[in-house]
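Take a look at the structure below.
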Amino acid sequence: MTFAALVAILIGMCLLLLRALIGPTMYDRVLAVNSFGTKTVLVLGLLGYVMGRPDFLDIAILYTLINFVSTIAILKFFRYRSFQVPLVRRTDAASRAGDGNA
Amino acid sequence: MTEVMIGGTGTALINILFLGMLFVVALAIARLRSLFAIVMLSGVYSLVSAAWYILVDAVDVGFTEAAVGAGMSTAVLLGAMLLTARTAKPEKPLQRLGPLVVCLATGVMLIYGSVDLPALGDATSPANAGIGLTYLKINWYDMGVPNVVTSVLASYRGFDTLGETAVVFTAGLAVALLLGFGERSLAETLKKTPKAETRPAPRGKDGNAA
């Protein structure tokens, strides 16, 4: 059962990889990379049970945090074209700096 | 420990799948011209390799790869992309020859060097015969951590690792202070310059950003 779930998630990883490779817009790629990170976390969790080492769940939690932070960083880059801008409501200067598409 | 190391056919298949993914992503990174897609794919590459490190029981390497490769270097590469163009210039076929020769020579040298390495699990190799054997024997009773490398890094040498972390944190803080926050930061400088100069030209206009 656990192994079947692992195989299903691995197939999902392959499909997401395809989307990241051929994705026409960059939003496709961002979404693909984010979902790929989620799939990695799930694979780690399931691998722990398949290999008899459930301790891998701790590592999976760490990966979740990293995936979340890096997705926020990428989206902030899209919005402001910089990482050195505080995440506040958009002002006029910020809206001139980045309009979302490149 | 042994039953994890040996694994079954399923583990071997997952190994092959992960390594195949790495190969496909590396090939795509080499072929694509859009720099943003390359940055995204390098994040995917780091995630896959981090998962693969966990699979082959190198937990600490997987940790580092996920934190540095998938998290930090993606952000750093995106920041570097601010200063350059969005697509790579198509290079001339003759210019590829030099890097190809360097890569091939390095690969040949590395393979030549790996011939002398002891076989995996060789009981008479220096790593297994000397002090490593002592650690393998006492590790479980000392720490209760199944991975010996992890227990050496995080427990036996925990103070050392803490010192390294402090050094790296101080270095990062110093770099952040030098680059500046708020009014003095690069983003503010870019925002104050006229619109025509903030949009990066194809090449060579990044002098105003530094």
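All residue names refer to the structure tokens as shown: chains lettered A, B, ... in order, residues numbered from 1 in each chain, ligands numbered from 1 in order.
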
Who sits within 12 Å of Val24 (chain B), only C-alpha atoms, same chain under 3 positions skipped, as a PyMOL selection string: (chain A and resi 14+17-18+20-21) or (chain B and resi 17-21+27-31+41-42+44-45+48)

Residues of the last selection are to be written out with all heavy atoms, as a compact mmCIF listing (two decimals), in the first residue's frame.
```
# COMPACT_ATOMS: atom_id res chain seq x y z
N CYS A 14 7.47 12.81 -12.20
CA CYS A 14 7.88 12.82 -13.61
C CYS A 14 7.02 13.79 -14.41
O CYS A 14 7.52 14.54 -15.24
CB CYS A 14 7.78 11.41 -14.19
SG CYS A 14 8.97 10.26 -13.52
N LEU A 17 8.01 17.28 -13.64
CA LEU A 17 9.29 17.58 -14.28
C LEU A 17 9.06 17.95 -15.73
O LEU A 17 9.66 18.89 -16.26
CB LEU A 17 10.20 16.36 -14.16
CG LEU A 17 11.64 16.53 -14.58
CD1 LEU A 17 12.27 17.59 -13.74
CD2 LEU A 17 12.39 15.24 -14.43
N LEU A 18 8.16 17.22 -16.38
CA LEU A 18 7.81 17.52 -17.78
C LEU A 18 7.27 18.93 -17.89
O LEU A 18 7.62 19.69 -18.81
CB LEU A 18 6.78 16.51 -18.26
CG LEU A 18 6.87 16.05 -19.71
CD1 LEU A 18 8.20 15.38 -19.93
CD2 LEU A 18 5.73 15.13 -20.04
N ALA A 20 7.83 21.42 -15.86
CA ALA A 20 8.90 22.39 -15.62
C ALA A 20 9.80 22.52 -16.84
O ALA A 20 10.37 23.57 -17.09
CB ALA A 20 9.72 21.98 -14.40
N LEU A 21 9.92 21.44 -17.61
CA LEU A 21 10.81 21.50 -18.79
C LEU A 21 10.14 22.24 -19.93
O LEU A 21 10.77 23.08 -20.57
CB LEU A 21 11.17 20.08 -19.24
CG LEU A 21 12.10 19.30 -18.33
CD1 LEU A 21 12.38 17.93 -18.93
CD2 LEU A 21 13.39 20.04 -18.14
N LEU B 17 15.45 5.86 -11.07
CA LEU B 17 14.50 6.91 -11.46
C LEU B 17 15.04 8.28 -11.06
O LEU B 17 15.02 9.22 -11.87
CB LEU B 17 13.15 6.64 -10.79
CG LEU B 17 12.04 7.61 -11.18
CD1 LEU B 17 11.70 7.45 -12.64
CD2 LEU B 17 10.81 7.39 -10.33
N PHE B 18 15.55 8.40 -9.84
CA PHE B 18 16.08 9.69 -9.38
C PHE B 18 17.27 10.11 -10.23
O PHE B 18 17.37 11.26 -10.65
CB PHE B 18 16.49 9.60 -7.91
CG PHE B 18 15.36 9.85 -6.96
CD1 PHE B 18 15.42 9.42 -5.65
CD2 PHE B 18 14.23 10.53 -7.37
CE1 PHE B 18 14.38 9.64 -4.78
CE2 PHE B 18 13.18 10.76 -6.51
CZ PHE B 18 13.26 10.31 -5.21
N LEU B 19 18.17 9.16 -10.49
CA LEU B 19 19.35 9.52 -11.28
C LEU B 19 18.97 9.87 -12.72
O LEU B 19 19.56 10.76 -13.33
CB LEU B 19 20.37 8.37 -11.25
CG LEU B 19 21.01 8.18 -9.88
CD1 LEU B 19 21.94 6.99 -9.90
CD2 LEU B 19 21.77 9.42 -9.48
N GLY B 20 17.93 9.17 -13.24
CA GLY B 20 17.45 9.52 -14.59
C GLY B 20 16.87 10.92 -14.62
O GLY B 20 17.10 11.68 -15.56
N MET B 21 16.11 11.29 -13.56
CA MET B 21 15.58 12.65 -13.46
C MET B 21 16.72 13.66 -13.45
O MET B 21 16.66 14.69 -14.13
CB MET B 21 14.76 12.80 -12.18
CG MET B 21 13.32 12.38 -12.28
SD MET B 21 12.53 12.82 -10.73
CE MET B 21 11.14 11.75 -10.77
N LEU B 27 20.52 17.83 -18.66
CA LEU B 27 20.51 17.99 -20.12
C LEU B 27 19.69 19.22 -20.51
O LEU B 27 20.10 20.02 -21.37
CB LEU B 27 19.91 16.74 -20.76
CG LEU B 27 20.48 16.30 -22.10
CD1 LEU B 27 21.95 15.99 -21.93
CD2 LEU B 27 19.74 15.09 -22.61
N ALA B 28 18.53 19.39 -19.84
CA ALA B 28 17.68 20.54 -20.16
C ALA B 28 18.36 21.84 -19.78
O ALA B 28 18.26 22.84 -20.50
CB ALA B 28 16.34 20.41 -19.42
N ILE B 29 19.08 21.85 -18.63
CA ILE B 29 19.79 23.07 -18.22
C ILE B 29 20.84 23.42 -19.26
O ILE B 29 21.04 24.59 -19.59
CB ILE B 29 20.43 22.86 -16.83
CG1 ILE B 29 19.35 22.87 -15.75
CG2 ILE B 29 21.43 23.95 -16.52
CD1 ILE B 29 19.86 22.58 -14.38
N ALA B 30 21.50 22.40 -19.81
CA ALA B 30 22.53 22.67 -20.81
C ALA B 30 21.93 23.17 -22.11
O ALA B 30 22.57 23.93 -22.84
CB ALA B 30 23.36 21.41 -21.06
N ARG B 31 20.68 22.78 -22.42
CA ARG B 31 20.11 23.13 -23.72
C ARG B 31 19.31 24.42 -23.70
O ARG B 31 19.23 25.10 -24.72
CB ARG B 31 19.19 21.99 -24.21
CG ARG B 31 19.88 20.68 -24.43
CD ARG B 31 20.96 20.74 -25.45
NE ARG B 31 20.48 21.15 -26.77
CZ ARG B 31 21.26 21.41 -27.80
NH1 ARG B 31 22.57 21.32 -27.66
NH2 ARG B 31 20.76 21.76 -28.95
N LEU B 41 15.06 25.17 -12.94
CA LEU B 41 15.45 23.77 -13.10
C LEU B 41 16.60 23.42 -12.17
O LEU B 41 16.71 22.27 -11.73
CB LEU B 41 15.83 23.50 -14.55
CG LEU B 41 14.64 23.36 -15.48
CD1 LEU B 41 15.09 23.18 -16.90
CD2 LEU B 41 13.80 22.17 -15.06
N SER B 42 17.46 24.40 -11.86
CA SER B 42 18.53 24.09 -10.91
C SER B 42 17.93 23.84 -9.52
O SER B 42 18.46 23.01 -8.76
CB SER B 42 19.56 25.21 -10.88
OG SER B 42 19.06 26.31 -10.18
N VAL B 44 15.01 22.39 -9.10
CA VAL B 44 14.51 21.01 -9.22
C VAL B 44 15.66 20.02 -9.08
O VAL B 44 15.54 19.00 -8.39
CB VAL B 44 13.79 20.83 -10.56
CG1 VAL B 44 13.47 19.37 -10.81
CG2 VAL B 44 12.52 21.63 -10.59
N TYR B 45 16.80 20.35 -9.69
CA TYR B 45 17.97 19.47 -9.62
C TYR B 45 18.40 19.28 -8.16
O TYR B 45 18.66 18.16 -7.72
CB TYR B 45 19.10 20.09 -10.44
CG TYR B 45 20.27 19.19 -10.65
CD1 TYR B 45 20.34 18.36 -11.75
CD2 TYR B 45 21.32 19.16 -9.73
CE1 TYR B 45 21.41 17.52 -11.94
CE2 TYR B 45 22.39 18.33 -9.91
CZ TYR B 45 22.43 17.51 -11.02
OH TYR B 45 23.49 16.68 -11.19
N VAL B 48 15.85 17.03 -6.29
CA VAL B 48 15.97 15.61 -6.63
C VAL B 48 17.22 15.03 -6.01
O VAL B 48 17.20 13.93 -5.42
CB VAL B 48 15.99 15.42 -8.16
CG1 VAL B 48 16.21 13.96 -8.50
CG2 VAL B 48 14.69 15.87 -8.76
```

Counting only C-alpha atoms, which residues from chain A have an atom at most 8 Å from any atom of chain B, and could you show them as a PyMOL selection string? chain A and resi 14+20-21+26+29-30+33+36-37+40+43-44+47+51-52+59+63+66-67+69-70+73-74+77+81-85+93+97

If I take CA of Ala174 (chain B) and CA of Phe68 (chain A), how far is one from the other in Å, to one decimal?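 Taking CA of Ala174 (chain B) as the start and CA of Phe68 (chain A) as the end point, the length is 25.8 Å.
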
Show which residues sit within 9 Å of region 5-8 of chain A, as number ranges by chain. Count only C-alpha atoms, and ignore same-chain residues fewer than 2 positions away. A: 1-3, 10-13, 42-43, 46-47, 50; B: 14

Based on the backbone DSSP call, show me all residues of region 35-175 of chain B assigned alpha helix (DSSP H), as a VMD selection string. chain B and resid 35 to 55 59 to 64 73 to 83 97 to 114 126 to 129 131 to 142 148 to 151 158 to 175

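Note that the spacing between CA of Thr64 (chain A) and CA of Ala32 (chain A) amounts to 15.1 Å.
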
Expressed in Å, the length from CA of Leu31 (chain A) to CA of Tyr80 (chain A) is 18.5 Å
